[in-house]
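This report refers to the structure that appears directly beneath it.
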Amino acid sequence: MRKQVYVGCEECGVKNDSLFKGLPDEEIENINYHKSCAFYKKGQILFHEGTRPLGVYCVNQGKIKVYRTGDDGKDQIIKIASGGDLLGYKALVSDELYPVSGETLENTKVCFIPKSEFLGMLTRVPSFGQQLLQAACQEMGAMTQNITSLAQKSVRERLAVTLLMLKDTYDVDPAAGNETEVEINLTREDLANIVGTATETIIRLLHDFKDEKLIETKGRKIKVLEPEKLVRVGNI
């Protein structure tokens with residue numbers, strides 16, 4: 001069960017990392033008034049693929065995997081969302097069903113902005129709509145480039161690239177207020193779903209990377225020790 005919490009927009013540690021950073025003060029106040037915020041435990045679903053969006057989600061703290069389930073029942077992870085990311089706006093604006101699902105990877109705080117308020121803001125602040133369009137195009141371009149690049153690499157190379165991308169995602173959480181060593185916290189199955197290979201292959205390659213002193217593992221947590229060497233392994 002999710003638990004209602006309060007997260008004020010003015011005090012939000014990730015506001016300047018979000019798409020809302022350039023909004024006028026009155027619009028921030030309007031969002032703050034109409035939004036609802038909740039604490040989700042690890043493994044909870046925010047939205048399901050194939051359902052109709054009723055608003056958008058802004059991640060305050062934590063990590064969320066955005067994924068699509070294939071015909072074979074396996075999940076293909078599209079991205080890992082973190083503090084400041086806005087989820088669900090593309091389906092909402094295009095009036096389509098969610099093409100993906102969102103599930104928390106750790107304890108997470110998320111703010112929900114109702115559909116009517118979000119669409120109203122697009123009408124009142126045209127520049128915000130332009131910003132959303134730009135963000136959507138950039139995300140699509142980056143996704144296309146990643147897919148093309150990864151498709152031409154070996155599994156070992158894909159894992160190296162994926163670990164580097166996840167290291168950036170799991171880097172210092174602005175909402176935490178302190179710097180800690182970056183640890184990637186994913187199940188081996190989730191990691192395999194990102195790389196696009198079998199879980200057993202990921203386990204074997206992680207063992208190889210550990211023997212090569214490229215990474216350090218503790219349970220499911222992975223710490224990148226030699227990012228420069230991973231760049232070379234990934235042939236980036």
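How things are named: the first chain in the structure tokens is A, the next is B, and so on; residues count from 1 in each chain; ligands count from 1 in the order shown.
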query: Skipping near chain neighbours, those fewer than 4 positions away, what residues fall within 9 Å of Thr199 in chain A using only C-alpha atoms, listed as a ChimeraX atom specification?
result: /A:188-193,203-204
For Phe20 in chain A, list every protein, DNA or RNA residue within 9 Å, evaluated using only C-alpha atoms, and leave out those in the same chain fewer than 5 positions away; present the list as a PDB file with N, CA and C atoms, in the first residue's frame.
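selection.pdb was written with the following content:
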ATOM      1  N   LYS A  15      13.650  19.897  -7.844  1.00  0.00           N
ATOM      2  CA  LYS A  15      12.842  20.759  -8.727  1.00  0.00           C
ATOM      3  C   LYS A  15      13.683  21.317  -9.870  1.00  0.00           C
ATOM      4  N   ILE A  28       3.944  26.992 -10.098  1.00  0.00           N
ATOM      5  CA  ILE A  28       4.500  26.088  -9.085  1.00  0.00           C
ATOM      6  C   ILE A  28       3.551  26.005  -7.896  1.00  0.00           C
ATOM      7  N   GLY A  84      13.537  13.889 -10.059  1.00  0.00           N
ATOM      8  CA  GLY A  84      13.378  14.950 -11.055  1.00  0.00           C
ATOM      9  C   GLY A  84      12.741  14.499 -12.346  1.00  0.00           C
ATOM     10  N   PHE A 128       6.074  25.947 -21.804  1.00  0.00           N
ATOM     11  CA  PHE A 128       6.229  24.664 -21.118  1.00  0.00           C
ATOM     12  C   PHE A 128       5.912  23.509 -22.066  1.00  0.00           C
TER      13      PHE A 128
END
field: Polymer residues at most 12 Å from Arg2 in chain A, only C-alpha atoms, same-chain spacing of 3 or more positions, as a VMD selection string
entry: chain A and resid 5 36 to 46 104 107 to 111
Residues from last step as file, C-alpha atoms, as a CSV table (one decimal), in the first residue's frame:
chain,number,residue,atom,x,y,z
A,5,VAL,CA,3.3,12.1,2.4
A,36,SER,CA,-0.8,14.6,-4.2
A,37,CYS,CA,2.4,12.9,-2.9
A,38,ALA,CA,3.0,9.3,-1.8
A,39,PHE,CA,5.6,7.0,-0.4
A,40,TYR,CA,5.9,3.7,-2.3
A,41,LYS,CA,7.7,0.7,-1.0
A,42,LYS,CA,10.1,-1.3,-3.2
A,43,GLY,CA,8.3,-3.4,-5.8
A,44,GLN,CA,5.1,-1.4,-6.0
A,45,ILE,CA,3.5,-0.5,-9.3
A,46,LEU,CA,2.8,3.1,-10.2
A,104,THR,CA,9.6,1.1,-7.8
A,107,ASN,CA,11.5,3.0,-1.4
A,108,THR,CA,10.4,6.0,-3.4
A,109,LYS,CA,8.6,9.3,-3.1
A,110,VAL,CA,6.4,10.4,-6.0
A,111,CYS,CA,4.2,13.3,-6.6
task: Could you give me, as a VMD selection string, each residue of range 85-198 of chain A that DSSP assigns to strand (DSSP E or B) when run on this structure's backbone?
output: chain A and resid 86 to 87 101 to 104 108 to 114 184 to 185
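Of the residues in range 55-136 of chain A, those that DSSP places in alpha helix (DSSP H) on the basis of the backbone are Tyr89, Lys90, Ala91, Leu92, Val93, Lys115, Ser116, Glu117, Phe118, Leu119, Gly120, Met121, Leu122, Thr123, Arg124, Pro126, Ser127, Phe128, Gly129, Gln130, Gln131, Leu132, Leu133, Gln134, Ala135 and Ala136 of chain A.
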query: If you count only C-alpha atoms, which residues fall within 8 Å of Leu164 in chain A, apart from same-chain ones fewer than 2 positions away, as a ChimeraX atom specification?
result: /A:160-162,166-168,224,227,230-231
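When only C-alpha atoms are used to compute distances to Pro114 in chain A, the closest of the residues A:Val14, A:Ile202, A:Leu225, A:Leu54 turns out to be A:Leu54.
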